[in-house]
>>> print(open('work-v2.txt').read())   # compact mmCIF, N, CA, C and O atoms
# COMPACT_ATOMS: atom_id res chain seq x y z
N VAL R 332 15.32 -7.61 23.32
CA VAL R 332 14.19 -7.12 22.57
C VAL R 332 13.43 -6.13 23.45
O VAL R 332 13.17 -6.40 24.61
N VAL R 333 13.10 -5.00 22.86
CA VAL R 333 12.30 -3.98 23.53
C VAL R 333 11.06 -3.76 22.68
O VAL R 333 11.17 -3.37 21.52
N GLY R 334 9.91 -4.04 23.22
CA GLY R 334 8.66 -3.80 22.50
C GLY R 334 8.13 -2.42 22.82
O GLY R 334 8.00 -2.06 23.99
N ILE R 335 7.87 -1.64 21.79
CA ILE R 335 7.26 -0.33 21.97
C ILE R 335 5.77 -0.53 21.70
O ILE R 335 5.38 -0.85 20.58
N VAL R 336 4.95 -0.36 22.73
CA VAL R 336 3.52 -0.63 22.62
C VAL R 336 2.73 0.65 22.84
O VAL R 336 3.19 1.57 23.51
N ARG R 337 1.52 0.70 22.27
CA ARG R 337 0.69 1.91 22.39
C ARG R 337 0.07 2.06 23.77
O ARG R 337 -0.21 3.16 24.21
N SER R 338 -0.21 0.95 24.43
CA SER R 338 -0.81 1.01 25.77
C SER R 338 -0.34 -0.19 26.57
O SER R 338 0.06 -1.21 26.01
N ALA R 339 -0.40 -0.04 27.89
CA ALA R 339 0.03 -1.11 28.78
C ALA R 339 -0.87 -2.33 28.60
O ALA R 339 -2.08 -2.20 28.42
N ARG R 340 -0.25 -3.50 28.61
CA ARG R 340 -1.00 -4.75 28.50
C ARG R 340 -0.74 -5.59 29.73
O ARG R 340 0.34 -5.51 30.32
N SER R 341 -1.73 -6.38 30.10
CA SER R 341 -1.54 -7.25 31.26
C SER R 341 -0.77 -8.49 30.84
O SER R 341 -0.70 -8.84 29.66
N GLY R 342 -0.19 -9.15 31.81
CA GLY R 342 0.55 -10.37 31.54
C GLY R 342 2.05 -10.13 31.55
O GLY R 342 2.52 -9.01 31.50
N THR R 343 2.77 -11.21 31.62
CA THR R 343 4.23 -11.16 31.65
C THR R 343 4.78 -11.45 30.27
O THR R 343 4.33 -12.36 29.59
N ARG R 344 5.73 -10.67 29.84
CA ARG R 344 6.36 -10.86 28.54
C ARG R 344 7.84 -11.17 28.76
O ARG R 344 8.44 -10.68 29.71
N PRO R 345 8.45 -11.93 27.86
CA PRO R 345 9.89 -12.22 28.00
C PRO R 345 10.76 -11.07 27.48
O PRO R 345 11.94 -11.24 27.24
N TRP R 346 10.17 -9.92 27.24
CA TRP R 346 10.92 -8.77 26.78
C TRP R 346 10.45 -7.53 27.54
O TRP R 346 9.43 -7.52 28.20
N THR R 347 11.20 -6.47 27.41
CA THR R 347 10.86 -5.19 28.03
C THR R 347 9.86 -4.47 27.15
O THR R 347 10.00 -4.50 25.92
N GLU R 348 8.88 -3.84 27.73
CA GLU R 348 7.92 -3.04 26.96
C GLU R 348 7.97 -1.59 27.44
O GLU R 348 8.05 -1.32 28.62
N ARG R 349 7.92 -0.70 26.47
CA ARG R 349 7.83 0.74 26.74
C ARG R 349 6.60 1.26 26.02
O ARG R 349 6.28 0.81 24.92
N ILE R 350 5.92 2.20 26.62
CA ILE R 350 4.68 2.72 26.04
C ILE R 350 4.98 3.98 25.24
O ILE R 350 5.61 4.92 25.73
N TRP R 351 4.55 3.95 23.97
CA TRP R 351 4.67 5.11 23.07
C TRP R 351 3.83 4.83 21.84
O TRP R 351 3.93 3.76 21.25
N ASP R 352 3.02 5.77 21.42
CA ASP R 352 2.26 5.64 20.18
C ASP R 352 2.88 6.59 19.16
O ASP R 352 2.62 7.79 19.19
N PRO R 353 3.73 6.09 18.26
CA PRO R 353 4.43 6.96 17.32
C PRO R 353 3.52 7.65 16.31
O PRO R 353 3.94 8.58 15.65
N SER R 354 2.29 7.21 16.21
CA SER R 354 1.37 7.86 15.26
C SER R 354 0.79 9.15 15.84
O SER R 354 0.21 9.94 15.10
N THR R 355 0.96 9.38 17.15
CA THR R 355 0.34 10.56 17.75
C THR R 355 1.31 11.54 18.37
O THR R 355 0.95 12.70 18.57
N SER R 356 2.54 11.12 18.69
CA SER R 356 3.44 12.04 19.37
C SER R 356 4.89 11.65 19.15
O SER R 356 5.21 10.53 18.76
N ALA R 357 5.76 12.60 19.45
CA ALA R 357 7.19 12.34 19.40
C ALA R 357 7.55 11.42 20.55
O ALA R 357 6.84 11.35 21.55
N ALA R 358 8.65 10.72 20.43
CA ALA R 358 9.07 9.75 21.45
C ALA R 358 9.53 10.47 22.72
O ALA R 358 10.22 11.48 22.64
N PRO R 359 9.16 9.93 23.87
CA PRO R 359 9.73 10.44 25.11
C PRO R 359 11.24 10.24 25.09
O PRO R 359 11.74 9.28 24.48
N ALA R 360 11.97 11.12 25.72
CA ALA R 360 13.43 11.04 25.72
C ALA R 360 13.90 9.66 26.18
O ALA R 360 13.38 9.12 27.15
N GLY R 361 14.84 9.10 25.47
CA GLY R 361 15.43 7.83 25.84
C GLY R 361 14.67 6.59 25.43
O GLY R 361 15.09 5.48 25.75
N THR R 362 13.57 6.72 24.72
CA THR R 362 12.73 5.58 24.37
C THR R 362 13.49 4.50 23.61
O THR R 362 13.33 3.32 23.87
N ILE R 363 14.32 4.90 22.67
CA ILE R 363 15.05 3.90 21.87
C ILE R 363 16.56 4.04 21.97
O ILE R 363 17.29 3.47 21.17
N ASP R 364 17.04 4.75 22.99
CA ASP R 364 18.48 4.99 23.11
C ASP R 364 19.32 3.72 23.17
O ASP R 364 20.43 3.68 22.68
N ASP R 365 18.82 2.66 23.78
CA ASP R 365 19.60 1.44 23.92
C ASP R 365 19.25 0.38 22.88
O ASP R 365 19.61 -0.78 23.02
N CYS R 366 18.59 0.78 21.80
CA CYS R 366 18.19 -0.16 20.75
C CYS R 366 19.20 -0.13 19.59
O CYS R 366 19.69 0.92 19.22
N ASP R 367 19.47 -1.29 19.02
CA ASP R 367 20.38 -1.40 17.89
C ASP R 367 19.65 -1.39 16.56
O ASP R 367 20.24 -1.13 15.52
N ALA R 368 18.36 -1.72 16.57
CA ALA R 368 17.56 -1.76 15.34
C ALA R 368 16.12 -1.41 15.69
O ALA R 368 15.70 -1.55 16.83
N VAL R 369 15.39 -0.94 14.68
CA VAL R 369 13.99 -0.58 14.86
C VAL R 369 13.18 -1.22 13.74
O VAL R 369 13.55 -1.11 12.57
N VAL R 370 12.10 -1.87 14.10
CA VAL R 370 11.16 -2.43 13.12
C VAL R 370 9.84 -1.72 13.34
O VAL R 370 9.27 -1.80 14.43
N ASN R 371 9.36 -1.02 12.34
CA ASN R 371 8.13 -0.23 12.45
C ASN R 371 6.93 -1.02 11.96
O ASN R 371 6.82 -1.32 10.78
N LEU R 372 6.01 -1.35 12.86
CA LEU R 372 4.77 -2.02 12.50
C LEU R 372 3.57 -1.14 12.81
O LEU R 372 2.43 -1.61 12.82
N ALA R 373 3.81 0.14 13.07
CA ALA R 373 2.74 1.07 13.43
C ALA R 373 1.96 1.51 12.20
O ALA R 373 2.48 1.56 11.09
N GLY R 374 0.71 1.83 12.40
CA GLY R 374 -0.11 2.37 11.32
C GLY R 374 -1.55 1.90 11.41
O GLY R 374 -1.86 0.94 12.11
N ALA R 375 -2.40 2.58 10.71
CA ALA R 375 -3.82 2.22 10.68
C ALA R 375 -3.97 0.82 10.07
O ALA R 375 -3.20 0.44 9.19
N PRO R 376 -4.96 0.07 10.51
CA PRO R 376 -5.15 -1.29 9.99
C PRO R 376 -5.52 -1.28 8.51
O PRO R 376 -6.27 -0.42 8.04
N ILE R 377 -4.99 -2.25 7.77
CA ILE R 377 -5.31 -2.35 6.34
C ILE R 377 -6.46 -3.31 6.08
O ILE R 377 -6.94 -3.41 4.96
N ALA R 378 -6.90 -4.02 7.12
CA ALA R 378 -8.01 -4.97 6.98
C ALA R 378 -9.34 -4.20 7.07
O ALA R 378 -10.03 -4.23 8.09
N GLN R 379 -9.66 -3.49 6.03
CA GLN R 379 -10.88 -2.70 5.96
C GLN R 379 -11.19 -2.42 4.49
O GLN R 379 -10.38 -2.67 3.62
N ARG R 380 -12.37 -1.90 4.24
CA ARG R 380 -12.72 -1.51 2.87
C ARG R 380 -11.88 -0.29 2.50
O ARG R 380 -11.84 0.69 3.23
N TRP R 381 -11.22 -0.35 1.36
CA TRP R 381 -10.29 0.70 0.96
C TRP R 381 -11.00 1.80 0.18
O TRP R 381 -10.93 1.87 -1.04
N SER R 382 -11.61 2.72 0.90
CA SER R 382 -12.19 3.90 0.29
C SER R 382 -11.09 4.95 0.16
O SER R 382 -9.97 4.76 0.66
N ASP R 383 -11.40 6.07 -0.48
CA ASP R 383 -10.41 7.15 -0.57
C ASP R 383 -10.03 7.64 0.82
O ASP R 383 -8.85 7.90 1.09
N HIS R 384 -11.03 7.75 1.71
CA HIS R 384 -10.76 8.19 3.09
C HIS R 384 -9.86 7.19 3.81
O HIS R 384 -8.89 7.58 4.48
N ALA R 385 -10.17 5.90 3.69
CA ALA R 385 -9.37 4.87 4.36
C ALA R 385 -7.94 4.88 3.83
O ALA R 385 -6.98 4.77 4.61
N TRP R 386 -7.78 4.98 2.52
CA TRP R 386 -6.46 5.02 1.91
C TRP R 386 -5.65 6.20 2.46
O TRP R 386 -4.48 6.04 2.84
N SER R 387 -6.26 7.37 2.55
CA SER R 387 -5.58 8.55 3.09
C SER R 387 -5.16 8.33 4.54
O SER R 387 -4.05 8.70 4.95
N GLU R 388 -6.03 7.70 5.32
CA GLU R 388 -5.74 7.43 6.73
C GLU R 388 -4.58 6.42 6.87
O GLU R 388 -3.69 6.60 7.69
N ILE R 389 -4.59 5.40 6.05
CA ILE R 389 -3.53 4.38 6.09
C ILE R 389 -2.18 5.02 5.76
O ILE R 389 -1.19 4.83 6.47
N VAL R 390 -2.12 5.78 4.70
CA VAL R 390 -0.87 6.43 4.28
C VAL R 390 -0.41 7.44 5.33
O VAL R 390 0.75 7.43 5.74
N ALA R 391 -1.32 8.30 5.77
CA ALA R 391 -0.95 9.33 6.74
C ALA R 391 -0.44 8.73 8.05
O ALA R 391 0.54 9.23 8.63
N SER R 392 -1.07 7.65 8.50
CA SER R 392 -0.64 7.06 9.76
C SER R 392 0.78 6.50 9.66
O SER R 392 1.56 6.58 10.61
N ARG R 393 1.12 5.95 8.52
CA ARG R 393 2.46 5.40 8.35
C ARG R 393 3.50 6.49 8.16
O ARG R 393 4.61 6.40 8.68
N VAL R 394 3.16 7.53 7.43
CA VAL R 394 4.10 8.64 7.22
C VAL R 394 4.37 9.35 8.54
O VAL R 394 5.53 9.63 8.89
N THR R 395 3.33 9.62 9.31
CA THR R 395 3.49 10.31 10.59
C THR R 395 4.32 9.46 11.55
O THR R 395 5.26 9.95 12.17
N ALA R 396 3.97 8.18 11.69
CA ALA R 396 4.71 7.29 12.61
C ALA R 396 6.16 7.18 12.20
O ALA R 396 7.06 7.26 13.05
N THR R 397 6.42 7.02 10.91
CA THR R 397 7.80 6.89 10.43
C THR R 397 8.59 8.17 10.71
O THR R 397 9.76 8.11 11.09
N GLY R 398 7.97 9.32 10.54
CA GLY R 398 8.63 10.59 10.84
C GLY R 398 9.01 10.68 12.32
O GLY R 398 10.13 11.09 12.66
N HIS R 399 8.08 10.31 13.20
CA HIS R 399 8.38 10.34 14.65
C HIS R 399 9.47 9.34 15.01
O HIS R 399 10.33 9.63 15.85
N ILE R 400 9.46 8.18 14.39
CA ILE R 400 10.49 7.18 14.66
C ILE R 400 11.84 7.67 14.14
O ILE R 400 12.86 7.54 14.83
N ALA R 401 11.87 8.26 12.96
CA ALA R 401 13.13 8.81 12.43
C ALA R 401 13.68 9.90 13.34
O ALA R 401 14.90 9.96 13.58
N ASP R 402 12.80 10.76 13.87
CA ASP R 402 13.24 11.79 14.82
C ASP R 402 13.83 11.15 16.08
O ASP R 402 14.84 11.63 16.61
N ALA R 403 13.20 10.08 16.56
CA ALA R 403 13.70 9.39 17.77
C ALA R 403 15.06 8.77 17.50
O ALA R 403 15.95 8.82 18.35
N VAL R 404 15.24 8.18 16.32
CA VAL R 404 16.53 7.58 15.97
C VAL R 404 17.59 8.68 15.89
O VAL R 404 18.70 8.52 16.42
N ALA R 405 17.26 9.78 15.26
CA ALA R 405 18.22 10.88 15.14
C ALA R 405 18.60 11.44 16.52
O ALA R 405 19.76 11.78 16.76
N ALA R 406 17.63 11.51 17.42
CA ALA R 406 17.89 12.04 18.76
C ALA R 406 18.71 11.09 19.61
O ALA R 406 19.40 11.52 20.55
N SER R 407 18.66 9.80 19.30
CA SER R 407 19.39 8.84 20.13
C SER R 407 20.86 8.78 19.68
O SER R 407 21.70 8.30 20.32
>>> encode(input="work-v2.txt", output="structure tokens")
Amino acid sequence: VVGIVRSARSGTRPWTERIWDPSTSAAPAGTIDDCDAVVNLAGAPIAQRWSDHAWSEIVASRVTATGHIADAVAAS
């Protein structure tokens, strides 16, 4: 298991962690090259009041992150 996290966290994990925020940038080279599957949990939080602005932010964050992840998969 390889966890892709937005920022470094303290503590020991039983898995490898790599830092990448797919909602803001393309993946650094090799980020997912040795992965067999990808599960995308990135995106703006949905635990908030759903205004038009919040809805747009939620959708955009998921579309952008998914696009960056798809590019990383294609590059690997």
>>> atom_distance(input="work-v2.txt", atom1="atom N of Ala373 in chain R", atom2="atom N of Gly342 in chain R")
21.3 Å
>>> closest_residue(input="work-v2.txt", among="R:Trp351, R:Arg380, R:Val333, R:Ala385", to="Asp365 in chain R", atoms="only N, CA, C and O atoms")
R:Val333
>>> select_by_dssp(input="work-v2.txt", residues="chain R", states="helix (DSSP H, G or I)", output="JSON, numbers by chain")
{"R": [383, 384, 385, 386, 387, 388, 389, 390, 391, 392, 393, 394, 395, 396, 397, 398, 399, 400, 401, 402, 403, 404, 405, 406]}
>>> closest_atom_pairs(input="work-v2.txt", of="range 366-388 of chain R", to="range 393-399 of chain R", cutoff="7 Å", atoms="all atoms listed in the file", output="CSV")
residue,atom,partner,partner_atom,distance
R:Ala373,O,R:Arg393,CA,4.7
R:Gly374,CA,R:Arg393,N,4.7
R:Ala375,N,R:Arg393,N,5.3
R:Ser387,O,R:Arg393,N,6.9
R:Glu388,O,R:Arg393,N,4.9
>>> write_last_selection(input="work-v2.txt", atoms="N, CA, C and O atoms", output="short mmCIF file (atom, residue, chain, number, x, y, z; two decimals), keeping the file's coordinate frame")
data_model
loop_
_atom_site.label_atom_id
_atom_site.label_comp_id
_atom_site.auth_asym_id
_atom_site.auth_seq_id
_atom_site.Cartn_x
_atom_site.Cartn_y
_atom_site.Cartn_z
N ALA R 373 3.81 0.14 13.07
CA ALA R 373 2.74 1.07 13.43
C ALA R 373 1.96 1.51 12.20
O ALA R 373 2.48 1.56 11.09
N GLY R 374 0.71 1.83 12.40
CA GLY R 374 -0.11 2.37 11.32
C GLY R 374 -1.55 1.90 11.41
O GLY R 374 -1.86 0.94 12.11
N ALA R 375 -2.40 2.58 10.71
CA ALA R 375 -3.82 2.22 10.68
C ALA R 375 -3.97 0.82 10.07
O ALA R 375 -3.20 0.44 9.19
N SER R 387 -6.26 7.37 2.55
CA SER R 387 -5.58 8.55 3.09
C SER R 387 -5.16 8.33 4.54
O SER R 387 -4.05 8.70 4.95
N GLU R 388 -6.03 7.70 5.32
CA GLU R 388 -5.74 7.43 6.73
C GLU R 388 -4.58 6.42 6.87
O GLU R 388 -3.69 6.60 7.69
#
>>> atom_distance(input="work-v2.txt", atom1="CA of Gly334 in chain R", atom2="CA of Trp346 in chain R")
6.9 Å
>>> atom_distance(input="work-v2.txt", atom1="atom N of Ala405 in chain R", atom2="CA of Pro376 in chain R")
25.5 Å
>>> residues_around(input="work-v2.txt", residues="Ala403 in chain R", least_positions_apart="4", cutoff="8 Å", atoms="only C-alpha atoms", output="number ranges by chain")
R: 357-358, 362-363, 399, 407
>>> select_by_dssp(input="work-v2.txt", residues="chain R", states="strand (DSSP E)", output="number ranges by chain")
R: 333-336, 347-350
>>> build_atoms(input="work-v2.txt", residues="range 350-361 of chain R", atoms="all heavy atoms", output="mmCIF file, keeping the file's coordinate frame")
data_model
loop_
_atom_site.group_PDB
_atom_site.id
_atom_site.type_symbol
_atom_site.label_atom_id
_atom_site.label_comp_id
_atom_site.auth_asym_id
_atom_site.auth_seq_id
_atom_site.Cartn_x
_atom_site.Cartn_y
_atom_site.Cartn_z
ATOM 1 N N ILE R 350 5.920 2.200 26.620
ATOM 2 C CA ILE R 350 4.680 2.720 26.040
ATOM 3 C C ILE R 350 4.980 3.980 25.240
ATOM 4 O O ILE R 350 5.610 4.920 25.730
ATOM 5 C CB ILE R 350 3.654 3.026 27.153
ATOM 6 C CG1 ILE R 350 3.324 1.741 27.900
ATOM 7 C CG2 ILE R 350 2.398 3.647 26.566
ATOM 8 C CD1 ILE R 350 2.479 1.938 29.123
ATOM 9 N N TRP R 351 4.550 3.950 23.970
ATOM 10 C CA TRP R 351 4.670 5.110 23.070
ATOM 11 C C TRP R 351 3.830 4.830 21.840
ATOM 12 O O TRP R 351 3.930 3.760 21.250
ATOM 13 C CB TRP R 351 6.112 5.371 22.684
ATOM 14 C CG TRP R 351 6.305 6.409 21.620
ATOM 15 C CD1 TRP R 351 5.625 7.592 21.484
ATOM 16 C CD2 TRP R 351 7.237 6.372 20.533
ATOM 17 N NE1 TRP R 351 6.081 8.280 20.392
ATOM 18 C CE2 TRP R 351 7.074 7.556 19.785
ATOM 19 C CE3 TRP R 351 8.188 5.448 20.127
ATOM 20 C CZ2 TRP R 351 7.836 7.832 18.666
ATOM 21 C CZ3 TRP R 351 8.940 5.735 19.009
ATOM 22 C CH2 TRP R 351 8.775 6.924 18.293
ATOM 23 N N ASP R 352 3.020 5.770 21.420
ATOM 24 C CA ASP R 352 2.260 5.640 20.180
ATOM 25 C C ASP R 352 2.880 6.590 19.160
ATOM 26 O O ASP R 352 2.620 7.790 19.190
ATOM 27 C CB ASP R 352 0.789 5.983 20.404
ATOM 28 C CG ASP R 352 -0.063 5.760 19.167
ATOM 29 O OD1 ASP R 352 0.503 5.486 18.080
ATOM 30 O OD2 ASP R 352 -1.286 5.862 19.266
ATOM 31 N N PRO R 353 3.730 6.090 18.260
ATOM 32 C CA PRO R 353 4.430 6.960 17.320
ATOM 33 C C PRO R 353 3.520 7.650 16.310
ATOM 34 O O PRO R 353 3.940 8.580 15.650
ATOM 35 C CB PRO R 353 5.420 6.027 16.623
ATOM 36 C CG PRO R 353 4.824 4.679 16.760
ATOM 37 C CD PRO R 353 4.078 4.686 18.064
ATOM 38 N N SER R 354 2.290 7.210 16.210
ATOM 39 C CA SER R 354 1.370 7.860 15.260
ATOM 40 C C SER R 354 0.790 9.150 15.840
ATOM 41 O O SER R 354 0.210 9.940 15.100
ATOM 42 C CB SER R 354 0.244 6.912 14.859
ATOM 43 O OG SER R 354 -0.572 6.615 15.967
ATOM 44 N N THR R 355 0.960 9.380 17.150
ATOM 45 C CA THR R 355 0.340 10.560 17.750
ATOM 46 C C THR R 355 1.310 11.540 18.370
ATOM 47 O O THR R 355 0.950 12.700 18.570
ATOM 48 C CB THR R 355 -0.667 10.138 18.845
ATOM 49 O OG1 THR R 355 0.033 9.418 19.864
ATOM 50 C CG2 THR R 355 -1.783 9.293 18.277
ATOM 51 N N SER R 356 2.540 11.120 18.690
ATOM 52 C CA SER R 356 3.440 12.040 19.370
ATOM 53 C C SER R 356 4.890 11.650 19.150
ATOM 54 O O SER R 356 5.210 10.530 18.760
ATOM 55 C CB SER R 356 3.154 12.030 20.876
ATOM 56 O OG SER R 356 3.452 10.768 21.425
ATOM 57 N N ALA R 357 5.760 12.600 19.450
ATOM 58 C CA ALA R 357 7.190 12.340 19.400
ATOM 59 C C ALA R 357 7.550 11.420 20.550
ATOM 60 O O ALA R 357 6.840 11.350 21.550
ATOM 61 C CB ALA R 357 7.956 13.653 19.501
ATOM 62 N N ALA R 358 8.650 10.720 20.430
ATOM 63 C CA ALA R 358 9.070 9.750 21.450
ATOM 64 C C ALA R 358 9.530 10.470 22.720
ATOM 65 O O ALA R 358 10.220 11.480 22.640
ATOM 66 C CB ALA R 358 10.207 8.895 20.923
ATOM 67 N N PRO R 359 9.160 9.930 23.870
ATOM 68 C CA PRO R 359 9.730 10.440 25.110
ATOM 69 C C PRO R 359 11.240 10.240 25.090
ATOM 70 O O PRO R 359 11.740 9.280 24.480
ATOM 71 C CB PRO R 359 9.085 9.568 26.194
ATOM 72 C CG PRO R 359 7.849 9.015 25.571
ATOM 73 C CD PRO R 359 8.163 8.884 24.106
ATOM 74 N N ALA R 360 11.970 11.120 25.720
ATOM 75 C CA ALA R 360 13.430 11.040 25.720
ATOM 76 C C ALA R 360 13.900 9.660 26.180
ATOM 77 O O ALA R 360 13.380 9.120 27.150
ATOM 78 C CB ALA R 360 14.003 12.113 26.637
ATOM 79 N N GLY R 361 14.840 9.100 25.470
ATOM 80 C CA GLY R 361 15.430 7.830 25.840
ATOM 81 C C GLY R 361 14.670 6.590 25.430
ATOM 82 O O GLY R 361 15.090 5.480 25.750
#
